[in-house]
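Undergrad: Coordinates in upload15.cif, mmCIF, C-alpha atoms and all ligand atoms, are listed below.
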```cif
data_model
#
loop_
_atom_site.label_atom_id
_atom_site.label_comp_id
_atom_site.auth_asym_id
_atom_site.auth_seq_id
_atom_site.Cartn_x
_atom_site.Cartn_y
_atom_site.Cartn_z
CA MET H 501 -23.71 46.61 -194.88
CA CYS H 502 -20.38 48.08 -193.97
CA GLY H 503 -17.40 45.98 -195.01
CA THR H 504 -15.37 47.57 -192.24
CA CYS H 505 -17.66 47.49 -189.20
CA GLY H 506 -20.55 45.30 -190.38
CA CYS H 507 -23.25 47.93 -189.84
CA GLY H 508 -26.33 47.93 -192.08
CA ASP H 509 -26.83 50.10 -195.18
CA GLY H 510 -30.62 50.34 -194.92
CA ASP H 511 -32.44 53.65 -195.45
CA VAL H 512 -29.91 55.20 -197.82
CA ARG H 513 -31.39 58.36 -199.35
CA ILE H 514 -29.76 60.39 -202.13
CA GLY H 515 -31.09 63.90 -202.69
CA GLY H 516 -34.09 63.01 -200.51
CA HIS H 517 -35.05 59.94 -202.57
CA ALA H 518 -34.86 56.35 -201.40
CA HIS H 519 -32.06 54.44 -203.09
CA GLN H 520 -33.52 51.30 -204.64
CA HIS H 521 -32.31 48.57 -206.95
CA GLY H 522 -33.79 45.11 -207.38
CA ARG H 523 -33.19 42.71 -204.49
CA ALA H 524 -30.96 40.56 -206.72
CA ARG H 525 -28.63 43.51 -207.23
CA GLU H 526 -28.57 44.19 -203.48
CA ILE H 527 -27.56 40.61 -202.77
CA ALA H 528 -24.88 40.78 -205.43
CA LEU H 529 -23.60 43.96 -203.85
CA GLU H 530 -23.24 42.28 -200.51
CA ILE H 531 -21.14 39.40 -201.88
CA ASP H 532 -17.93 41.33 -201.99
CA ILE H 533 -18.45 44.83 -200.74
CA MET H 534 -14.91 46.03 -201.08
CA ALA H 535 -14.37 44.64 -204.59
CA LYS H 536 -17.66 46.18 -205.71
CA ASN H 537 -16.71 49.45 -204.08
CA ASP H 538 -13.40 49.49 -205.91
CA ALA H 539 -15.17 48.91 -209.24
CA TYR H 540 -17.56 51.82 -208.60
CA ALA H 541 -14.63 53.95 -207.43
CA ALA H 542 -12.76 53.20 -210.67
CA ALA H 543 -15.83 54.29 -212.67
CA ASN H 544 -16.07 57.52 -210.64
CA ARG H 545 -12.34 58.13 -211.12
CA GLN H 546 -12.69 57.70 -214.87
CA ARG H 547 -15.60 60.14 -214.95
CA PHE H 548 -13.55 62.69 -212.98
CA ALA H 549 -10.53 62.24 -215.29
CA GLU H 550 -12.65 62.67 -218.39
CA GLY H 551 -14.21 65.83 -217.00
CA GLY H 552 -10.96 67.28 -215.63
CA ILE H 553 -12.65 67.30 -212.23
CA LEU H 554 -10.71 67.50 -208.97
CA ALA H 555 -12.52 65.32 -206.41
CA LEU H 556 -11.51 65.66 -202.75
CA ASN H 557 -12.89 63.42 -199.98
CA LEU H 558 -13.05 65.24 -196.62
CA VAL H 559 -12.92 62.83 -193.71
CA SER H 560 -12.95 63.45 -189.96
CA SER H 561 -14.67 62.76 -186.69
CA PRO H 562 -18.05 64.54 -186.23
CA GLY H 563 -17.81 68.29 -185.70
CA SER H 564 -14.16 68.93 -186.64
CA GLY H 565 -15.37 71.68 -188.97
CA LYS H 566 -15.66 70.08 -192.43
CA THR H 567 -18.77 72.01 -193.46
CA SER H 568 -17.50 75.28 -191.94
CA LEU H 569 -14.24 74.90 -193.89
CA LEU H 570 -16.16 74.08 -197.08
CA VAL H 571 -18.40 77.14 -196.76
CA LYS H 572 -15.34 79.36 -196.32
CA THR H 573 -13.48 77.59 -199.15
CA ILE H 574 -16.39 78.02 -201.57
CA GLU H 575 -16.63 81.73 -200.73
CA MET H 576 -12.92 82.16 -201.41
CA LEU H 577 -12.99 80.09 -204.64
CA LYS H 578 -15.87 82.12 -206.09
CA GLY H 579 -15.21 83.20 -209.64
CA THR H 580 -12.17 80.92 -210.02
CA LEU H 581 -13.66 77.49 -210.70
CA PRO H 582 -17.06 75.79 -210.51
CA VAL H 583 -17.61 74.02 -207.18
CA TYR H 584 -19.94 71.13 -206.37
CA VAL H 585 -20.45 69.38 -203.06
CA VAL H 586 -21.64 65.91 -202.06
CA GLU H 587 -22.67 65.89 -198.41
CA GLY H 588 -22.77 62.67 -196.42
CA ASP H 589 -24.54 62.36 -193.07
CA GLN H 590 -26.63 59.69 -191.43
CA GLN H 591 -29.63 62.02 -191.23
CA THR H 592 -30.71 65.62 -192.04
CA SER H 593 -29.92 67.90 -194.96
CA HIS H 594 -28.42 70.61 -192.70
CA ASP H 595 -24.99 70.51 -194.31
CA ALA H 596 -26.25 70.53 -197.92
CA ASP H 597 -28.50 73.47 -196.96
CA ARG H 598 -25.49 75.33 -195.50
CA ILE H 599 -23.53 74.72 -198.72
CA ARG H 600 -26.41 75.82 -200.98
CA GLU H 601 -26.56 79.13 -199.11
CA THR H 602 -23.17 79.90 -200.69
CA GLY H 603 -24.68 79.42 -204.16
CA ALA H 604 -22.80 76.18 -204.86
CA SER H 605 -24.68 73.07 -206.01
CA ALA H 606 -24.91 70.43 -203.30
CA ILE H 607 -26.56 67.07 -202.92
CA GLN H 608 -27.16 65.34 -199.61
CA ILE H 609 -26.69 61.61 -199.14
CA ASN H 610 -28.30 60.27 -195.97
CA THR H 611 -26.70 56.96 -195.14
CA GLY H 612 -29.30 55.95 -192.54
CA LYS H 613 -27.54 53.44 -190.33
CA GLY H 614 -24.44 53.51 -192.56
CA CYS H 615 -21.25 55.00 -191.14
CA HIS H 616 -19.49 56.09 -194.35
CA LEU H 617 -20.07 57.01 -197.98
CA ASP H 618 -19.32 54.37 -200.58
CA ALA H 619 -18.39 54.81 -204.23
CA HIS H 620 -21.77 53.58 -205.47
CA MET H 621 -23.69 56.28 -203.54
CA VAL H 622 -21.22 58.92 -204.70
CA GLY H 623 -21.61 57.79 -208.32
CA HIS H 624 -25.37 58.40 -208.11
CA ALA H 625 -24.88 61.78 -206.44
CA VAL H 626 -22.35 62.87 -209.07
CA ALA H 627 -24.71 61.77 -211.86
CA ASP H 628 -27.40 64.00 -210.29
CA LEU H 629 -25.03 66.95 -209.77
CA ASN H 630 -23.54 66.63 -213.27
CA PRO H 631 -20.50 68.79 -212.48
CA ALA H 632 -19.15 71.09 -215.18
CA ARG H 633 -15.84 70.37 -216.90
CA GLY H 634 -12.85 71.46 -214.83
CA ALA H 635 -14.87 71.68 -211.60
CA ALA H 636 -13.81 71.06 -208.04
CA LEU H 637 -15.96 68.42 -206.33
CA PHE H 638 -15.82 68.28 -202.55
CA ILE H 639 -17.18 65.15 -200.90
CA GLU H 640 -17.87 65.62 -197.19
CA ASN H 641 -17.90 62.15 -195.70
CA VAL H 642 -19.94 61.01 -192.71
CA GLY H 643 -18.28 62.17 -189.47
CA ASN H 644 -16.35 59.03 -188.49
CA LEU H 645 -12.61 58.67 -188.14
CA VAL H 646 -12.67 54.91 -188.81
CA CYS H 647 -14.75 53.40 -191.64
CA PRO H 648 -14.43 56.12 -194.33
CA ALA H 649 -10.67 55.41 -194.42
CA GLY H 650 -11.38 52.05 -196.08
CA PHE H 651 -13.64 53.25 -198.88
CA ASP H 652 -12.17 54.65 -202.08
CA LEU H 653 -14.74 56.99 -203.65
CA GLY H 654 -12.66 57.65 -206.77
CA GLU H 655 -11.30 60.86 -205.25
CA ALA H 656 -7.89 62.33 -206.09
CA HIS H 657 -7.08 62.78 -202.40
CA LYS H 658 -8.50 62.13 -198.99
CA VAL H 659 -8.16 65.20 -196.78
CA VAL H 660 -8.41 64.51 -193.05
CA VAL H 661 -9.67 67.32 -190.83
CA LEU H 662 -8.68 67.18 -187.17
CA SER H 663 -9.59 69.96 -184.78
CA VAL H 664 -7.13 71.04 -182.10
CA THR H 665 -9.58 70.08 -179.33
CA GLU H 666 -9.50 66.38 -180.27
CA GLY H 667 -6.15 65.52 -178.70
CA GLU H 668 -2.59 65.06 -179.94
CA ASP H 669 -2.86 61.27 -179.95
CA LYS H 670 -5.61 60.94 -182.56
CA PRO H 671 -3.30 60.11 -185.50
CA LEU H 672 -1.86 57.25 -183.44
CA LYS H 673 -5.29 55.98 -182.32
CA TYR H 674 -6.87 56.20 -185.79
CA PRO H 675 -3.88 55.45 -188.02
CA ASP H 676 -5.80 54.15 -191.04
CA MET H 677 -7.34 57.55 -191.66
CA PHE H 678 -4.02 59.37 -191.41
CA ALA H 679 -2.33 56.75 -193.59
CA ALA H 680 -5.02 57.14 -196.26
CA ALA H 681 -4.95 60.95 -196.35
CA ASP H 682 -2.56 63.10 -198.38
CA LEU H 683 -3.34 66.27 -196.43
CA ALA H 684 -4.28 66.98 -192.81
CA LEU H 685 -6.09 70.21 -191.99
CA ILE H 686 -5.62 70.92 -188.29
CA ASN H 687 -8.69 73.09 -187.73
CA LYS H 688 -9.91 75.49 -185.02
CA ALA H 689 -6.38 76.91 -184.65
CA ASP H 690 -8.04 80.04 -183.23
CA LEU H 691 -8.72 78.04 -180.05
CA LEU H 692 -5.03 77.26 -179.40
CA PRO H 693 -4.52 80.15 -176.92
CA HIS H 694 -7.30 78.68 -174.75
CA LEU H 695 -6.02 75.10 -174.77
CA GLN H 696 -3.10 73.13 -173.47
CA VAL H 697 -2.50 71.32 -176.71
CA ASP H 698 0.86 70.69 -178.36
CA MET H 699 0.42 71.51 -182.05
CA ALA H 700 3.90 70.22 -182.89
CA LEU H 701 3.02 66.87 -181.32
CA ILE H 702 -0.15 66.55 -183.44
CA ALA H 703 1.99 67.10 -186.54
CA ALA H 704 4.72 64.71 -185.35
CA ASN H 705 2.15 61.97 -184.67
CA ALA H 706 0.54 62.42 -188.09
CA LEU H 707 3.98 62.22 -189.74
CA LYS H 708 4.85 59.12 -187.71
CA ILE H 709 1.87 57.34 -189.30
CA ASN H 710 2.30 58.89 -192.74
CA PRO H 711 5.67 60.53 -193.47
CA GLY H 712 4.30 61.90 -196.74
CA ILE H 713 1.28 63.68 -195.31
CA GLU H 714 1.08 67.46 -195.73
CA ILE H 715 -0.17 69.47 -192.77
CA ILE H 716 -1.89 72.85 -192.70
CA GLN H 717 -2.89 74.60 -189.50
CA ILE H 718 -6.18 76.33 -190.25
CA SER H 719 -9.21 78.11 -188.81
CA ALA H 720 -12.55 78.26 -190.57
CA LEU H 721 -13.50 80.97 -188.07
CA THR H 722 -10.64 83.45 -188.53
CA GLY H 723 -9.35 82.37 -191.96
CA THR H 724 -5.86 81.46 -190.73
CA GLY H 725 -4.30 78.95 -193.13
CA MET H 726 -7.05 79.32 -195.74
CA ALA H 727 -4.65 80.81 -198.32
CA GLU H 728 -2.33 77.83 -197.93
CA TRP H 729 -5.29 75.40 -198.30
CA LEU H 730 -6.46 77.22 -201.43
CA ASP H 731 -2.93 76.99 -202.87
CA TRP H 732 -2.96 73.25 -202.18
CA ILE H 733 -6.34 72.94 -203.97
CA GLY H 734 -4.96 74.96 -206.89
CA SER H 735 -1.94 72.65 -207.25
CA ALA H 736 -4.11 69.53 -207.02
CA HIS H 737 -6.50 70.98 -209.61
CA ALA H 738 -3.59 71.76 -211.94
CA ARG H 739 -2.36 68.15 -211.63
CA VAL H 740 -5.79 66.87 -212.73
CA GLY H 741 -5.64 69.21 -215.72
CA SER H 742 -2.12 68.16 -216.70
CA ALA H 743 -2.93 64.44 -216.23
CA LYS H 744 -5.77 64.91 -218.71
CA HIS H 745 -3.38 66.74 -221.05
CA VAL H 746 -0.85 63.88 -220.91
CA GLU H 747 -3.62 61.34 -221.59
CA THR H 748 -4.78 63.27 -224.64
CA ALA H 749 -1.22 63.69 -225.91
CA ALA H 750 -0.65 59.92 -225.63
CA GLU H 751 -3.74 59.04 -227.66
N1 LIG V 801 -13.64 78.04 -182.95
C1 LIG V 801 -13.85 77.43 -184.08
N2 LIG V 801 -14.99 76.73 -184.26
C2 LIG V 801 -15.18 76.11 -185.44
C3 LIG V 801 -14.23 76.14 -186.49
N3 LIG V 801 -14.69 75.40 -187.51
C4 LIG V 801 -15.88 74.92 -187.12
N4 LIG V 801 -16.20 75.33 -185.88
C5 LIG V 801 -17.40 75.02 -185.12
O1 LIG V 801 -17.42 73.62 -184.89
C6 LIG V 801 -18.76 73.13 -184.92
C7 LIG V 801 -18.88 71.99 -185.94
O2 LIG V 801 -18.60 72.52 -187.23
P1 LIG V 801 -19.10 71.81 -188.56
O3 LIG V 801 -18.55 72.60 -189.69
O4 LIG V 801 -20.55 71.57 -188.52
O5 LIG V 801 -18.33 70.42 -188.44
P2 LIG V 801 -18.47 69.12 -189.36
O6 LIG V 801 -17.15 68.44 -189.36
O7 LIG V 801 -19.02 69.50 -190.70
O8 LIG V 801 -19.54 68.28 -188.54
P3 LIG V 801 -20.32 66.94 -189.04
O9 LIG V 801 -20.72 67.15 -190.45
O10 LIG V 801 -21.49 66.88 -188.11
O11 LIG V 801 -19.35 65.82 -188.85
C8 LIG V 801 -19.64 74.33 -185.26
O12 LIG V 801 -20.18 74.84 -184.06
C9 LIG V 801 -18.67 75.31 -185.88
O13 LIG V 801 -19.05 76.65 -185.71
C10 LIG V 801 -13.03 76.91 -186.27
O14 LIG V 801 -12.13 77.00 -187.12
N5 LIG V 801 -12.90 77.51 -185.05
MG MG V 802 -20.64 68.72 -191.73
ZN ZN V 803 -18.60 51.32 -190.15
ZN ZN V 804 -27.49 52.40 -207.16
#
```
Would it be possible to restate this file's structure as structure tokens?
TA:
Amino acid sequence: MCGTCGCGDGDVRIGGHAHQHGRAREIALEIDIMAKNDAYAAANRQRFAEGGILALNLVSSPGSGKTSLLVKTIEMLKGTLPVYVVEGDQQTSHDADRIRETGASAIQINTGKGCHLDAHMVGHAVADLNPARGAALFIENVGNLVCPAGFDLGEAHKVVVLSVTEGEDKPLKYPDMFAAADLALINKADLLPHLQVDMALIAANALKINPGIEIIQISALTGTGMAEWLDWIGSAHARVGSAKHVETAAE
């Protein structure tokens, strides 16, 4: 069950298969969900560090454009670094299917009644994907601007996607997500001419919650802002590489 909202975690499916452990393990897992999650997240983080893998956790409300941005990102990253995707949704494999059409490896986690991915599910998915050394791993979380904020998956950064149609006040109403993220992608910028939305106010509200957050105005449809997003990914990927280098040098 969800340590944030108390919803059930029944019916979890990873890559189409039911996720099963013994009942004793399930009960143990429920004793302290957040502590267990943090332990799984630490194991994921270690795996990513050892493999020089940049893991990014994309979080947002449903329909902000996470999968559309990922498809475009994968197309633009082609030939530069290996890309793998973990897709989280309550039901369907639509998003993993959309990602696979790009040629990237993707695995779908269906959380059933669950409202977020947890580090344990992601650990299984990453074991199945077996990403190559130096890869970029994108984790698309379940569309939900609340619970995924509380679950560390072992990622390097949470990236929050907010589309311009969602309202300027969203960072203030859902502060945990904007506090947890290092980057905000303000998507569907192509719609701005049709809306009465104050882009500067969205940014100001995000910065009010998290003064350190970086903000990129972007459109998966027209490609506006994609170059800046790819630069950000490149810098984050380089930091993973140099962290590994420092570790090795210290040994
Ligand atoms: N105009 C416009 N539409 C977009 C943009 N990005 C995504 N969309 C549309 O928004 C809708 C939702 O996009 P998805 O990529 O499925 O959003 P998502 O965040 O992955 O959705 P969930 O996984 O269901 O939470 C689709 O109809 C997209 O075509 C954009 O930059 N501009
Ligand atoms: Mg999606
Ligand atoms: Zn929840
Ligand atoms: Zn398991």
Undergrad: Given all atoms listed in the file as the basis, pick out the residue of H:Val642, H:Leu581, H:Ala542, H:Ala738 nearest to ligand MG 802 (chain V).
TA: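 The shortest atom-to-atom distance to ligand MG 802 (chain V) comes from H:Val642.
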Undergrad: Hey, which of H:Ile733, H:Ile533, H:Val586, H:Val622 ends up closest to ligand MG 802 (chain V)? Count all atoms listed in the file.
TA: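 Going through H:Ile733, H:Ile533, H:Val586, H:Val622 one by one, the smallest distance to ligand MG 802 (chain V) is for H:Val586.
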Undergrad: Grab me every residue within 8 Å of ligand ZN 804 (chain V), counting all atoms listed in the file, and send it over as a list of chain:residue names.
TA: H:His519, H:Gln520, H:His521, H:His620, H:Met621, H:His624
Undergrad: Can those selected residues be exported to a file as a PDB file, in the frame of the given file so that it contains C-alpha atoms?
TA:
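What follows is the written file again-v2.pdb:
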```pdb
ATOM      1  CA  HIS H 519     -32.060  54.440-203.090  1.00  0.00           C
ATOM      2  CA  GLN H 520     -33.520  51.300-204.640  1.00  0.00           C
ATOM      3  CA  HIS H 521     -32.310  48.570-206.950  1.00  0.00           C
ATOM      4  CA  HIS H 620     -21.770  53.580-205.470  1.00  0.00           C
ATOM      5  CA  MET H 621     -23.690  56.280-203.540  1.00  0.00           C
ATOM      6  CA  HIS H 624     -25.370  58.400-208.110  1.00  0.00           C
TER       7      HIS H 624
END
```
Undergrad: My list of candidates is H:Ile609, H:Leu653, H:Leu569, H:Ala625. Which is closest to Asn544 in chain H when distances are computed with all atoms listed in the file?
TA: H:Leu653
Undergrad: Out of H:Lys673, H:His616, H:Lys688, H:Lys708, which residue has the shortest atom-to-atom distance to ligand ZN 803 (chain V) when counting only C-alpha atoms and all ligand atoms?
TA: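 Checking each of H:Lys673, H:His616, H:Lys688, H:Lys708 against ligand ZN 803 (chain V), counting only C-alpha atoms and all ligand atoms, the winner is H:His616.
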Undergrad: Please measure the separation of CA of Leu577 in chain H and CA of Ala720 in chain H, giving the value in Å to one decimal.
TA: 14.2 Å
Undergrad: Within 8 Å of ligand LIG 801 (chain V), which residues show up when you count only C-alpha atoms and all ligand atoms? List them as a compact mmCIF listing (two decimals) with C-alpha atoms, in the frame of the given file, please.
TA:
```
# COMPACT_ATOMS: atom_id res chain seq x y z
CA SER H 560 -12.95 63.45 -189.96
CA SER H 561 -14.67 62.76 -186.69
CA PRO H 562 -18.05 64.54 -186.23
CA GLY H 563 -17.81 68.29 -185.70
CA SER H 564 -14.16 68.93 -186.64
CA GLY H 565 -15.37 71.68 -188.97
CA LYS H 566 -15.66 70.08 -192.43
CA THR H 567 -18.77 72.01 -193.46
CA SER H 568 -17.50 75.28 -191.94
CA LEU H 569 -14.24 74.90 -193.89
CA LEU H 570 -16.16 74.08 -197.08
CA GLY H 588 -22.77 62.67 -196.42
CA ASP H 589 -24.54 62.36 -193.07
CA ASP H 595 -24.99 70.51 -194.31
CA GLU H 640 -17.87 65.62 -197.19
CA ASN H 641 -17.90 62.15 -195.70
CA VAL H 642 -19.94 61.01 -192.71
CA GLY H 643 -18.28 62.17 -189.47
CA ASN H 644 -16.35 59.03 -188.49
CA VAL H 661 -9.67 67.32 -190.83
CA SER H 663 -9.59 69.96 -184.78
CA ASN H 687 -8.69 73.09 -187.73
CA LYS H 688 -9.91 75.49 -185.02
CA ALA H 689 -6.38 76.91 -184.65
CA ASP H 690 -8.04 80.04 -183.23
CA LEU H 691 -8.72 78.04 -180.05
CA ILE H 718 -6.18 76.33 -190.25
CA SER H 719 -9.21 78.11 -188.81
CA ALA H 720 -12.55 78.26 -190.57
CA LEU H 721 -13.50 80.97 -188.07
CA THR H 722 -10.64 83.45 -188.53
CA GLY H 723 -9.35 82.37 -191.96
```
Undergrad: Could you work out how far CA of Gln717 in chain H lies from CA of Lys572 in chain H, giving the answer in Å with one decimal?
TA: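 Computed distance, CA of Lys572 in chain H to CA of Gln717 in chain H, equals 15.0 Å.
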Undergrad: Could you tell me how far CA of Gln696 in chain H lies from CA of Ile715 in chain H, in Å and to one decimal?
TA: 19.9 Å
Undergrad: Around the point (4.4, 58.2, -193.4) (coordinates from the file), which residues reach within 12 Å if we count all atoms listed in the file? Answer as a ChimeraX atom specification.
TA: /H:671-672,675-683,703-714
Undergrad: Using all atoms listed in the file, which of H:Ala606, H:Leu695, H:Ile716, H:Leu556 sits nearest Asp731 in chain H?
TA: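 Going through H:Ala606, H:Leu695, H:Ile716, H:Leu556 one by one, the smallest distance to Asp731 in chain H is for H:Ile716.
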Undergrad: List as a short mmCIF file (atom, residue, chain, number, x, y, z; two decimals) with C-alpha atoms, in the frame of the given file the protein and nucleic acid residues near Asp618 in chain H, meaning an atom at most 12 Å away when all atoms listed in the file are counted, but skip any in the same chain fewer than 4 places from it.
TA:
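Output (around16.cif):
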```cif
data_model
loop_
_atom_site.label_atom_id
_atom_site.label_comp_id
_atom_site.auth_asym_id
_atom_site.auth_seq_id
_atom_site.Cartn_x
_atom_site.Cartn_y
_atom_site.Cartn_z
CA MET H 501 -23.71 46.61 -194.88
CA CYS H 502 -20.38 48.08 -193.97
CA GLY H 503 -17.40 45.98 -195.01
CA THR H 504 -15.37 47.57 -192.24
CA ASP H 509 -26.83 50.10 -195.18
CA VAL H 512 -29.91 55.20 -197.82
CA LEU H 529 -23.60 43.96 -203.85
CA ILE H 533 -18.45 44.83 -200.74
CA MET H 534 -14.91 46.03 -201.08
CA ALA H 535 -14.37 44.64 -204.59
CA LYS H 536 -17.66 46.18 -205.71
CA ASN H 537 -16.71 49.45 -204.08
CA ASP H 538 -13.40 49.49 -205.91
CA ALA H 539 -15.17 48.91 -209.24
CA TYR H 540 -17.56 51.82 -208.60
CA ALA H 541 -14.63 53.95 -207.43
CA ASN H 544 -16.07 57.52 -210.64
CA ASN H 557 -12.89 63.42 -199.98
CA VAL H 586 -21.64 65.91 -202.06
CA GLY H 588 -22.77 62.67 -196.42
CA ILE H 609 -26.69 61.61 -199.14
CA ASN H 610 -28.30 60.27 -195.97
CA THR H 611 -26.70 56.96 -195.14
CA GLY H 614 -24.44 53.51 -192.56
CA VAL H 622 -21.22 58.92 -204.70
CA GLY H 623 -21.61 57.79 -208.32
CA HIS H 624 -25.37 58.40 -208.11
CA ALA H 625 -24.88 61.78 -206.44
CA ILE H 639 -17.18 65.15 -200.90
CA GLU H 640 -17.87 65.62 -197.19
CA ASN H 641 -17.90 62.15 -195.70
CA VAL H 642 -19.94 61.01 -192.71
CA CYS H 647 -14.75 53.40 -191.64
CA PRO H 648 -14.43 56.12 -194.33
CA ALA H 649 -10.67 55.41 -194.42
CA GLY H 650 -11.38 52.05 -196.08
CA PHE H 651 -13.64 53.25 -198.88
CA ASP H 652 -12.17 54.65 -202.08
CA LEU H 653 -14.74 56.99 -203.65
CA GLY H 654 -12.66 57.65 -206.77
CA GLU H 655 -11.30 60.86 -205.25
#
```
Undergrad: Would you mind listing what lies within 10 Å of Val697 in chain H as a list in words, with only C-alpha atoms counted and same-chain residues fewer than 3 positions away left out?
TA: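 Selected residues are Val664, Thr665, Glu666, Gly667, Glu668, Leu691, Leu692, Pro693, His694, Ala700, Leu701 and Ile702 of chain H.
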Undergrad: Store the residues of this selection in a file with C-alpha atoms, as a PDB file, keeping the file's coordinate frame.
TA:
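Below is the file out-v7.pdb, written as the result:
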```pdb
ATOM      1  CA  VAL H 664      -7.130  71.040-182.100  1.00  0.00           C
ATOM      2  CA  THR H 665      -9.580  70.080-179.330  1.00  0.00           C
ATOM      3  CA  GLU H 666      -9.500  66.380-180.270  1.00  0.00           C
ATOM      4  CA  GLY H 667      -6.150  65.520-178.700  1.00  0.00           C
ATOM      5  CA  GLU H 668      -2.590  65.060-179.940  1.00  0.00           C
ATOM      6  CA  LEU H 691      -8.720  78.040-180.050  1.00  0.00           C
ATOM      7  CA  LEU H 692      -5.030  77.260-179.400  1.00  0.00           C
ATOM      8  CA  PRO H 693      -4.520  80.150-176.920  1.00  0.00           C
ATOM      9  CA  HIS H 694      -7.300  78.680-174.750  1.00  0.00           C
ATOM     10  CA  ALA H 700       3.900  70.220-182.890  1.00  0.00           C
ATOM     11  CA  LEU H 701       3.020  66.870-181.320  1.00  0.00           C
ATOM     12  CA  ILE H 702      -0.150  66.550-183.440  1.00  0.00           C
TER      13      ILE H 702
END
```
Undergrad: Return the single residue from H:Glu575, H:Glu550, H:Glu587, H:Asp532 that is closest to Glu601 in chain H, with distances computed using only C-alpha atoms.
TA: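 Result for the nearest residue to Glu601 in chain H: H:Glu575.
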Undergrad: Take the point (-10.4, 72.7, -207.1) as written in the file and pick out every residue within 8 Å of it, counting all atoms listed in the file; give the list as number ranges by chain.
TA: H: 553-555, 581, 583, 635-637, 733-734, 736-737
Undergrad: If I wrap all listed atoms of range 578-583 of chain H in a box with edges along x, y and z and add 3 Å on each side, what are its centre and edge lengths in Å to one decimal, as lines of an AutoDock Vina configuration file?
TA:
```
center_x = -14.9
center_y = 78.6
center_z = -208.4
size_x = 11.4
size_y = 15.2
size_z = 10.6
```
